[in-house]
Structures are given as C-alpha cells and as structure tokens.
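Text of the file my_file.pdb, holding PDB, C-alpha atoms:
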```pdb
ATOM      1  CA  MET Y   1     -24.303  90.707-101.856
ATOM      2  CA  THR Y   2     -26.733  90.964 -98.943
ATOM      3  CA  LEU Y   3     -25.801  90.703 -95.281
ATOM      4  CA  ARG Y   4     -27.383  87.239 -95.094
ATOM      5  CA  SER Y   5     -25.341  86.041 -98.091
ATOM      6  CA  ARG Y   6     -22.117  87.368 -96.584
ATOM      7  CA  ARG Y   7     -22.808  85.519 -93.326
ATOM      8  CA  ILE Y   8     -23.468  82.271 -95.205
ATOM      9  CA  VAL Y   9     -20.225  82.635 -97.186
ATOM     10  CA  ASP Y  10     -18.327  83.458 -93.989
ATOM     11  CA  ARG Y  11     -19.665  80.351 -92.218
ATOM     12  CA  LEU Y  12     -18.922  78.146 -95.220
ATOM     13  CA  ALA Y  13     -15.358  79.465 -95.355
ATOM     14  CA  SER Y  14     -14.930  78.844 -91.619
ATOM     15  CA  VAL Y  15     -16.254  75.298 -91.948
ATOM     16  CA  MET Y  16     -13.964  74.581 -94.896
ATOM     17  CA  ALA Y  17     -10.974  75.949 -92.992
ATOM     18  CA  GLY Y  18     -11.829  73.699 -90.044
ATOM     19  CA  VAL Y  19     -12.222  70.649 -92.286
ATOM     20  CA  CYS Y  20      -8.871  71.317 -93.963
ATOM     21  CA  THR Y  21      -7.230  71.667 -90.554
ATOM     22  CA  VAL Y  22      -8.642  68.316 -89.436
ATOM     23  CA  VAL Y  23      -7.547  66.677 -92.700
ATOM     24  CA  LEU Y  24      -4.036  68.012 -92.087
ATOM     25  CA  LEU Y  25      -3.845  66.929 -88.447
ATOM     26  CA  VAL Y  26      -5.344  63.443 -88.808
ATOM     27  CA  PRO Y  27      -2.379  61.918 -90.725
ATOM     28  CA  LEU Y  28       0.054  63.461 -88.240
ATOM     29  CA  ALA Y  29      -1.909  62.083 -85.310
ATOM     30  CA  LEU Y  30      -2.065  58.640 -86.931
ATOM     31  CA  ILE Y  31       1.703  58.606 -87.538
ATOM     32  CA  LEU Y  32       2.492  59.692 -83.979
ATOM     33  CA  GLY Y  33       0.005  57.200 -82.543
ATOM     34  CA  TYR Y  34       1.428  54.341 -84.605
ATOM     35  CA  LEU Y  35       4.985  55.269 -83.545
ATOM     36  CA  LEU Y  36       3.916  55.296 -79.907
ATOM     37  CA  ALA Y  37       2.169  51.948 -80.215
ATOM     38  CA  ARG Y  38       5.079  50.231 -81.960
ATOM     39  CA  GLY Y  39       8.071  51.984 -80.418
ATOM     40  CA  ALA Y  40       7.184  52.761 -76.814
ATOM     41  CA  SER Y  41       7.536  49.120 -75.754
ATOM     42  CA  ALA Y  42      11.218  49.091 -76.774
ATOM     43  CA  LEU Y  43      12.112  52.285 -74.903
ATOM     44  CA  ASN Y  44      14.032  51.743 -71.689
ATOM     45  CA  LEU Y  45      17.172  52.997 -69.970
ATOM     46  CA  GLU Y  46      19.315  50.506 -71.892
ATOM     47  CA  PHE Y  47      18.109  51.953 -75.198
ATOM     48  CA  PHE Y  48      19.539  55.385 -74.302
ATOM     49  CA  THR Y  49      22.749  54.240 -72.596
ATOM     50  CA  HIS Y  50      23.982  51.086 -74.392
ATOM     51  CA  LEU Y  51      25.599  50.398 -77.739
ATOM     52  CA  PRO Y  52      23.876  48.180 -80.315
ATOM     53  CA  ALA Y  53      23.975  44.480 -79.525
ATOM     54  CA  PRO Y  54      25.904  42.093 -81.789
ATOM     55  CA  VAL Y  55      24.059  40.642 -84.756
ATOM     56  CA  GLY Y  56      21.506  38.058 -83.694
ATOM     57  CA  GLU Y  57      21.493  39.030 -80.012
ATOM     58  CA  SER Y  58      18.597  40.842 -78.336
ATOM     59  CA  GLY Y  59      18.897  43.954 -76.237
ATOM     60  CA  GLY Y  60      21.323  46.805 -76.677
ATOM     61  CA  GLY Y  61      20.480  50.365 -77.515
ATOM     62  CA  MET Y  62      21.146  53.331 -79.797
ATOM     63  CA  ALA Y  63      23.120  55.635 -77.512
ATOM     64  CA  ASN Y  64      25.884  56.138 -80.067
ATOM     65  CA  ALA Y  65      23.363  56.847 -82.836
ATOM     66  CA  ILE Y  66      21.558  59.476 -80.743
ATOM     67  CA  VAL Y  67      24.814  61.255 -79.913
ATOM     68  CA  GLY Y  68      25.944  60.893 -83.522
ATOM     69  CA  SER Y  69      22.774  62.464 -84.915
ATOM     70  CA  LEU Y  70      23.081  65.401 -82.520
ATOM     71  CA  THR Y  71      26.715  65.821 -83.564
ATOM     72  CA  LEU Y  72      25.919  65.758 -87.284
ATOM     73  CA  VAL Y  73      23.032  68.204 -86.941
ATOM     74  CA  ALA Y  74      25.237  70.528 -84.856
ATOM     75  CA  LEU Y  75      27.935  70.424 -87.559
ATOM     76  CA  ALA Y  76      25.328  71.148 -90.240
ATOM     77  CA  VAL Y  77      24.047  74.163 -88.285
ATOM     78  CA  VAL Y  78      27.539  75.508 -87.558
ATOM     79  CA  ILE Y  79      28.514  75.227 -91.227
ATOM     80  CA  GLY Y  80      25.260  76.015 -92.982
ATOM     81  CA  LEU Y  81      23.540  78.582 -90.760
ATOM     82  CA  PRO Y  82      26.034  81.491 -91.124
ATOM     83  CA  ILE Y  83      26.321  80.979 -94.890
ATOM     84  CA  GLY Y  84      22.557  80.666 -95.300
ATOM     85  CA  VAL Y  85      21.780  83.750 -93.213
ATOM     86  CA  LEU Y  86      24.390  85.879 -94.990
ATOM     87  CA  THR Y  87      23.078  84.699 -98.353
ATOM     88  CA  GLY Y  88      19.546  85.604 -97.301
ATOM     89  CA  VAL Y  89      20.690  89.060 -96.179
ATOM     90  CA  TYR Y  90      22.384  89.630 -99.528
ATOM     91  CA  LEU Y  91      19.312  88.501-101.466
ATOM     92  CA  ALA Y  92      17.026  90.746 -99.421
ATOM     93  CA  GLU Y  93      19.215  93.843 -99.523
ATOM     94  CA  HIS Y  94      20.897  93.497-102.943
ATOM     95  CA  GLY Y  95      18.926  90.750-104.644
ATOM     96  CA  ARG Y  96      17.609  92.875-107.508
ATOM     97  CA  THR Y  97      20.924  92.666-109.374
ATOM     98  CA  PRO Y  98      21.666  89.986-112.000
ATOM     99  CA  LEU Y  99      23.963  88.262-109.505
ATOM    100  CA  GLY Y 100      21.205  88.268-106.883
ATOM    101  CA  SER Y 101      18.741  86.726-109.335
ATOM    102  CA  THR Y 102      21.283  84.049-110.207
ATOM    103  CA  VAL Y 103      21.919  83.233-106.543
ATOM    104  CA  ARG Y 104      18.182  83.055-105.847
ATOM    105  CA  PHE Y 105      17.649  80.742-108.818
ATOM    106  CA  CYS Y 106      20.499  78.486-107.693
ATOM    107  CA  ALA Y 107      19.060  78.343-104.159
ATOM    108  CA  ASP Y 108      15.659  77.323-105.516
ATOM    109  CA  VAL Y 109      17.234  74.632-107.706
ATOM    110  CA  LEU Y 110      19.370  73.350-104.826
ATOM    111  CA  ASN Y 111      16.271  73.123-102.641
ATOM    112  CA  GLY Y 112      14.792  70.632-105.106
ATOM    113  CA  VAL Y 113      17.889  68.469-105.586
ATOM    114  CA  PRO Y 114      17.361  64.911-104.211
ATOM    115  CA  SER Y 115      19.301  64.325-101.026
ATOM    116  CA  ILE Y 116      21.018  61.259-102.465
ATOM    117  CA  VAL Y 117      22.591  63.467-105.148
ATOM    118  CA  ILE Y 118      23.948  65.752-102.426
ATOM    119  CA  GLY Y 119      25.317  62.656-100.693
ATOM    120  CA  ILE Y 120      27.182  61.647-103.860
ATOM    121  CA  TYR Y 121      28.444  65.221-104.203
ATOM    122  CA  ALA Y 122      29.804  65.197-100.648
ATOM    123  CA  TYR Y 123      31.275  61.735-101.205
ATOM    124  CA  THR Y 124      33.190  62.977-104.248
ATOM    125  CA  LEU Y 125      34.413  66.259-102.757
ATOM    126  CA  VAL Y 126      35.010  65.254 -99.136
ATOM    127  CA  VAL Y 127      35.119  61.484 -98.594
ATOM    128  CA  LEU Y 128      37.437  60.633-101.487
ATOM    129  CA  PRO Y 129      40.025  63.359-100.748
ATOM    130  CA  MET Y 130      39.973  62.438 -97.031
ATOM    131  CA  LYS Y 131      40.198  58.736 -97.980
ATOM    132  CA  GLY Y 132      37.483  57.717 -95.565
ATOM    133  CA  PHE Y 133      33.998  58.344 -94.192
ATOM    134  CA  SER Y 134      33.762  60.955 -91.457
ATOM    135  CA  ALA Y 135      31.467  63.132 -89.394
ATOM    136  CA  TYR Y 136      32.852  66.143 -91.262
ATOM    137  CA  ALA Y 137      31.610  64.730 -94.565
ATOM    138  CA  GLY Y 138      28.169  64.027 -93.089
ATOM    139  CA  GLY Y 139      27.947  67.493 -91.558
ATOM    140  CA  ILE Y 140      28.898  69.150 -94.850
ATOM    141  CA  ALA Y 141      26.310  67.110 -96.763
ATOM    142  CA  LEU Y 142      23.575  68.090 -94.305
ATOM    143  CA  ALA Y 143      24.768  71.716 -94.339
ATOM    144  CA  VAL Y 144      24.315  71.851 -98.115
ATOM    145  CA  ILE Y 145      20.714  70.708 -97.650
ATOM    146  CA  THR Y 146      20.058  73.423 -95.053
ATOM    147  CA  LEU Y 147      21.539  76.249 -97.138
ATOM    148  CA  PRO Y 148      18.630  76.988 -99.521
ATOM    149  CA  VAL Y 149      15.998  76.669 -96.785
ATOM    150  CA  VAL Y 150      17.784  79.063 -94.431
ATOM    151  CA  ALA Y 151      18.713  81.489 -97.220
ATOM    152  CA  ARG Y 152      15.238  81.806 -98.695
ATOM    153  CA  THR Y 153      13.560  81.995 -95.297
ATOM    154  CA  THR Y 154      15.983  84.699 -94.163
ATOM    155  CA  GLU Y 155      15.337  86.668 -97.339
ATOM    156  CA  GLU Y 156      11.566  86.568 -96.904
ATOM    157  CA  MET Y 157      11.734  87.474 -93.208
ATOM    158  CA  ILE Y 158      14.022  90.445 -93.853
ATOM    159  CA  ARG Y 159      11.706  91.691 -96.590
ATOM    160  CA  LEU Y 160       8.899  91.797 -94.001
ATOM    161  CA  VAL Y 161      10.873  94.207 -91.777
ATOM    162  CA  PRO Y 162       9.312  97.689 -92.170
ATOM    163  CA  THR Y 163      11.396 100.121 -94.194
ATOM    164  CA  SER Y 164      10.751 102.783 -91.557
ATOM    165  CA  LEU Y 165      12.996 100.896 -89.104
ATOM    166  CA  ARG Y 166      15.897 101.024 -91.538
ATOM    167  CA  GLU Y 167      15.300 104.677 -92.300
ATOM    168  CA  ALA Y 168      15.129 105.586 -88.610
ATOM    169  CA  SER Y 169      18.424 103.827 -87.920
ATOM    170  CA  LEU Y 170      20.172 105.406 -90.915
ATOM    171  CA  ALA Y 171      18.802 108.824 -89.961
ATOM    172  CA  LEU Y 172      20.597 108.501 -86.617
ATOM    173  CA  GLY Y 173      23.884 108.046 -88.451
ATOM    174  CA  VAL Y 174      24.147 104.283 -87.961
ATOM    175  CA  PRO Y 175      26.113 102.598 -90.797
ATOM    176  CA  MET Y 176      24.248 100.310 -93.155
ATOM    177  CA  TRP Y 177      26.028  97.170 -91.945
ATOM    178  CA  ARG Y 178      25.259  98.003 -88.325
ATOM    179  CA  THR Y 179      21.622  98.687 -89.212
ATOM    180  CA  THR Y 180      21.363  95.292 -90.878
ATOM    181  CA  VAL Y 181      22.918  93.446 -87.947
ATOM    182  CA  SER Y 182      21.387  95.334 -85.010
ATOM    183  CA  VAL Y 183      17.992  96.330 -86.403
ATOM    184  CA  VAL Y 184      16.981  94.207 -89.377
ATOM    185  CA  LEU Y 185      18.285  90.813 -88.227
ATOM    186  CA  ARG Y 186      17.184  91.482 -84.660
ATOM    187  CA  THR Y 187      13.655  92.180 -85.843
ATOM    188  CA  ALA Y 188      13.533  89.166 -88.165
ATOM    189  CA  ARG Y 189      15.224  86.709 -85.793
ATOM    190  CA  GLY Y 190      11.988  84.885 -84.911
ATOM    191  CA  GLY Y 191      11.287  84.009 -88.529
ATOM    192  CA  ILE Y 192      14.925  83.129 -89.182
ATOM    193  CA  LEU Y 193      14.935  80.743 -86.226
ATOM    194  CA  THR Y 194      11.741  79.165 -87.510
ATOM    195  CA  GLY Y 195      13.365  78.638 -90.902
ATOM    196  CA  THR Y 196      16.397  77.145 -89.205
ATOM    197  CA  MET Y 197      14.165  74.707 -87.342
ATOM    198  CA  LEU Y 198      12.540  73.695 -90.629
ATOM    199  CA  ALA Y 199      15.979  73.017 -92.053
ATOM    200  CA  ILE Y 200      17.007  71.007 -88.980
ATOM    201  CA  ALA Y 201      13.774  69.006 -89.128
ATOM    202  CA  ARG Y 202      14.532  68.142 -92.733
ATOM    203  CA  VAL Y 203      18.160  67.089 -92.304
ATOM    204  CA  ALA Y 204      17.619  65.259 -89.005
ATOM    205  CA  GLY Y 205      15.791  62.472 -90.806
ATOM    206  CA  GLU Y 206      17.998  62.248 -93.914
ATOM    207  CA  THR Y 207      19.453  58.808 -94.533
ATOM    208  CA  ALA Y 208      20.854  58.670 -98.076
ATOM    209  CA  PRO Y 209      23.476  61.450 -97.682
ATOM    210  CA  LEU Y 210      24.779  59.897 -94.467
ATOM    211  CA  ILE Y 211      25.222  56.476 -96.048
ATOM    212  CA  PHE Y 212      27.629  58.069 -98.543
ATOM    213  CA  THR Y 213      29.417  60.283 -96.007
ATOM    214  CA  ALA Y 214      29.167  59.356 -92.308
ATOM    215  CA  PHE Y 215      28.457  55.705 -93.195
ATOM    216  CA  GLY Y 216      27.725  54.450 -89.661
ATOM    217  CA  ASN Y 217      29.459  52.961 -86.658
ATOM    218  CA  GLN Y 218      28.512  50.263 -84.164
ATOM    219  CA  TYR Y 219      30.679  51.865 -81.500
ATOM    220  CA  TRP Y 220      31.325  55.330 -80.075
ATOM    221  CA  GLN Y 221      33.003  57.614 -82.581
ATOM    222  CA  SER Y 222      36.694  58.211 -81.923
ATOM    223  CA  GLY Y 223      36.576  61.686 -83.469
ATOM    224  CA  LEU Y 224      35.038  63.751 -86.224
ATOM    225  CA  ARG Y 225      37.444  62.378 -88.828
ATOM    226  CA  GLY Y 226      36.052  58.840 -88.588
ATOM    227  CA  PRO Y 227      32.720  57.118 -89.353
ATOM    228  CA  ILE Y 228      29.915  58.077 -87.017
ATOM    229  CA  ALA Y 229      26.576  56.490 -86.181
ATOM    230  CA  SER Y 230      23.272  58.298 -86.747
ATOM    231  CA  LEU Y 231      19.659  57.549 -85.945
ATOM    232  CA  PRO Y 232      18.338  57.545 -89.542
ATOM    233  CA  VAL Y 233      20.997  55.107 -90.762
ATOM    234  CA  GLN Y 234      20.606  52.923 -87.670
ATOM    235  CA  ILE Y 235      16.827  52.865 -88.104
ATOM    236  CA  TYR Y 236      17.216  51.910 -91.765
ATOM    237  CA  THR Y 237      19.692  49.151 -90.931
ATOM    238  CA  TYR Y 238      17.445  47.709 -88.232
ATOM    239  CA  ALA Y 239      14.282  48.020 -90.326
ATOM    240  CA  ILE Y 240      15.638  45.879 -93.196
ATOM    241  CA  SER Y 241      17.108  43.256 -90.861
ATOM    242  CA  PRO Y 242      15.389  39.851 -90.287
ATOM    243  CA  PHE Y 243      15.415  40.193 -86.474
ATOM    244  CA  ASP Y 244      12.199  41.103 -84.636
ATOM    245  CA  ASP Y 245      14.091  42.764 -81.773
ATOM    246  CA  TRP Y 246      15.843  45.075 -84.202
ATOM    247  CA  HIS Y 247      12.489  45.900 -85.774
ATOM    248  CA  ARG Y 248      11.180  47.003 -82.367
ATOM    249  CA  GLN Y 249      14.259  49.115 -81.801
ATOM    250  CA  ALA Y 250      13.838  50.684 -85.242
ATOM    251  CA  TRP Y 251      10.348  51.843 -84.249
ATOM    252  CA  ALA Y 252      11.733  53.127 -80.950
ATOM    253  CA  GLY Y 253      14.470  55.005 -82.791
ATOM    254  CA  ALA Y 254      11.906  56.614 -85.102
ATOM    255  CA  LEU Y 255       9.894  57.690 -82.059
ATOM    256  CA  VAL Y 256      12.985  59.200 -80.411
ATOM    257  CA  LEU Y 257      13.902  61.029 -83.620
ATOM    258  CA  MET Y 258      10.420  62.519 -83.918
ATOM    259  CA  THR Y 259      10.500  63.530 -80.249
ATOM    260  CA  LEU Y 260      13.882  65.251 -80.603
ATOM    261  CA  ILE Y 261      12.710  67.255 -83.613
ATOM    262  CA  ALA Y 262       9.426  68.250 -81.960
ATOM    263  CA  THR Y 263      11.145  69.212 -78.698
ATOM    264  CA  THR Y 264      13.721  71.368 -80.471
ATOM    265  CA  SER Y 265      11.082  73.163 -82.539
ATOM    266  CA  LEU Y 266       8.814  73.821 -79.552
ATOM    267  CA  SER Y 267      11.726  75.027 -77.409
ATOM    268  CA  VAL Y 268      12.886  77.550 -80.007
ATOM    269  CA  ARG Y 269       9.356  78.813 -80.584
ATOM    270  CA  PHE Y 270       8.840  79.241 -76.833
ATOM    271  CA  LEU Y 271      12.125  81.085 -76.331
ATOM    272  CA  THR Y 272      11.526  83.320 -79.335
ATOM    273  CA  ARG Y 273       7.996  84.169 -78.224
ATOM    274  CA  GLY Y 274       9.225  85.031 -74.731
ATOM    275  CA  LYS Y 275      11.830  87.462 -76.049
ATOM    276  CA  THR Y 276       9.372  89.095 -78.377
ATOM    277  CA  ALA Y 277       6.809  89.528 -75.626
ATOM    278  CA  HIS Y 278       9.355  91.384 -73.470
ATOM    279  CA  GLY Y 279      10.427  93.555 -76.355
ATOM    280  CA  ARG Y 280      14.049  92.411 -76.333
TER     281      ARG Y 280
END
```
I'd like the structure from this file rewritten - as structure tokens, please.
Amino acid sequence: MTLRSRRIVDRLASVMAGVCTVVLLVPLALILGYLLARGASALNLEFFTHLPAPVGESGGGMANAIVGSLTLVALAVVIGLPIGVLTGVYLAEHGRTPLGSTVRFCADVLNGVPSIVIGIYAYTLVVLPMKGFSAYAGGIALAVITLPVVARTTEEMIRLVPTSLREASLALGVPMWRTTVSVVLRTARGGILTGTMLAIARVAGETAPLIFTAFGNQYWQSGLRGPIASLPVQIYTYAISPFDDWHRQAWAGALVLMTLIATTSLSVRFLTRGKTAHGR
C-alpha cells in the first residue's frame, strides 16, 4: 500500500469514527432536550420540598421519592459493592479454576436476567418472610443487579494491572493479601469506580424490582423496614395517571433522575482523575 493510499484509508477511518460518534450522541441529545422541554416547567422549590398532592389535586412534589431513591441506591451500594469487588478480585487472581469459571459463568448469566425476575426473587426471599414491603427488600433487589456488573468490571480492571507491580511488592516481602489490597486494588480503583457508577446508573432507573419490594409510599418513610417511595415508581405512577399535572411532574422527575445520575458519574470521574494526576 502506497503512502497516498494509507492517507486515504486513515482519513476515511477518521470520518467514519466521527460519524459514529455523532450518531451515538444525537439520540442522547434529543432525549435530554425533550426532558428539558417537558420537565423544566414543573421544576420549582415545591417539587423538591413537598410530598405528593392527593389524587386529583394539583401541586405537590416528589421530595420523599428523591430521598427514597437515594436511600435505596445507598443500600444497594453498601450491600452489593463489597461482594462484587471481592468476587472480582477472586476471579482475577484465582479465576482459572473450575470454581472460578463457574462463578464467572453465573455472573454473566445474572447480568442478563430481567430485572422483574430479580424483583420476584427478592419478593419471595425477603418480602414474604418479613411479611411486608420494605427498603431493605428494595436495596437487596438492586444490590443483586449491581453484583455482576461490579464483579466483572473489577476482574477486568485488575487484569490490566501490570504483573511487575505485584512482583515488586512480593519481592519486598509484602504478603499476597496486602499486595492485592494496597497495590492491585489501589491501582485499579479508577476503573472499579467507573464500573460502580455504571451499576448505579442501571439500578437508579429500575422500576419493576421496586414494585415487588419497596412498593412505594405517599409519605416520608418511617424506617427501612417499611415501604419507601422512589423516583422510578413515582414517575411510572404519575405517567399512567389521567391527570395532566401528574404528567408534568413525571417528566420533571425523569429530568431530576437523569441529572442525579449524570452528576454522580461526573463527580466520581473528576475525583478519580484528580487523585491519579497527583499520583496518590
């Protein structure tokens, strides 16, 4: 291939990459623009500070649903993140055994299970024994969804850590477990956090599992052992209602949910990049 041919191929590849990028960004921009156009008009102080209005009345807000969603996502992270990270460490360090292959296969299968099935699973194992819907049940259901994402991301990030770092640590007499915690995980933390954000972004918008577990609540939750409101369920309830005011609030809730997810992801990326730049 001549120099001229290589330049033509290079330019064609660059153009195709640019076109694919635009094709990817256009739907996202259209969704965000439509959410802004439909939901921004319903955003006000009352939306963030008041409870939902009674059926048929205008006004009110989704304060309890916002707090409830943050609570459920926090429970999912507290429950699912340690298990997912430890599973990923095991798969990366000892995943070539038959048990490791089985665990990896199960994680891949679990990643493809419909969320409504996980909701029924949590309903059977948590809601029925507790004899009621609860934030605990919702958090466990969301944690199960996060597990395969965090585990597989952690595994891939740890595999990217250079072997020389492990060897240098072991050569200094550092135990294997300390090397994994202080060297390997510390090096791969940026990728692990990114995987965690992907998991949070997925579970933050889940509706079906929460209908079977957290159920919903028109008031402030009295504790984690009772039903709890959440933005996805509240948006779904308002969207299928016959009231125009609730429809506007549903669009506003969708806009708030998207903003929360985007803000969390950008914040973690910024903090991770800052630490990496300073070599800490």
Translate the PyMOL selection byres ((chain Y and resi 123-139) around 6) into a concrete residue list for this structure, as a PyMOL selection string.
chain Y and resi 72+75-76+120-122+140-143+210+212-214+224-228
Please write the residues picked by the PyMOL selection byres ((chain Y and resi 69) around 12) on this file as number ranges by chain.
Y: 62-68, 70-76, 135, 138-139, 142, 200-201, 203-207, 210, 214, 216-217, 221, 228-235, 253, 256-257, 260-261
So that I can see what lies close to Leu35 in chain Y, please list as a CSV table (one decimal) with C-alpha atoms, in the frame of the given file the residues with an atom at most 8 Å from it, counting only C-alpha atoms and leaving out residues fewer than 5 positions away in the same chain.
```csv
chain,number,residue,atom,x,y,z
Y,40,ALA,CA,7.2,52.8,-76.8
Y,251,TRP,CA,10.3,51.8,-84.2
Y,252,ALA,CA,11.7,53.1,-81.0
Y,254,ALA,CA,11.9,56.6,-85.1
Y,255,LEU,CA,9.9,57.7,-82.1
```
Y:Gly84, Y:Gly223, Y:Gly33, Y:Gly173 ranked by distance to Arg104 in chain Y, top pick (using only C-alpha atoms)
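Distance minimum relative to Arg104 in chain Y lands on Y:Gly84.
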For a quick check of understanding, using all atoms listed in the file, which of Y:Val55, Y:Val85, Y:Val103, Y:Ala208 has the smallest distance to Gly119 in chain Y?
Y:Ala208
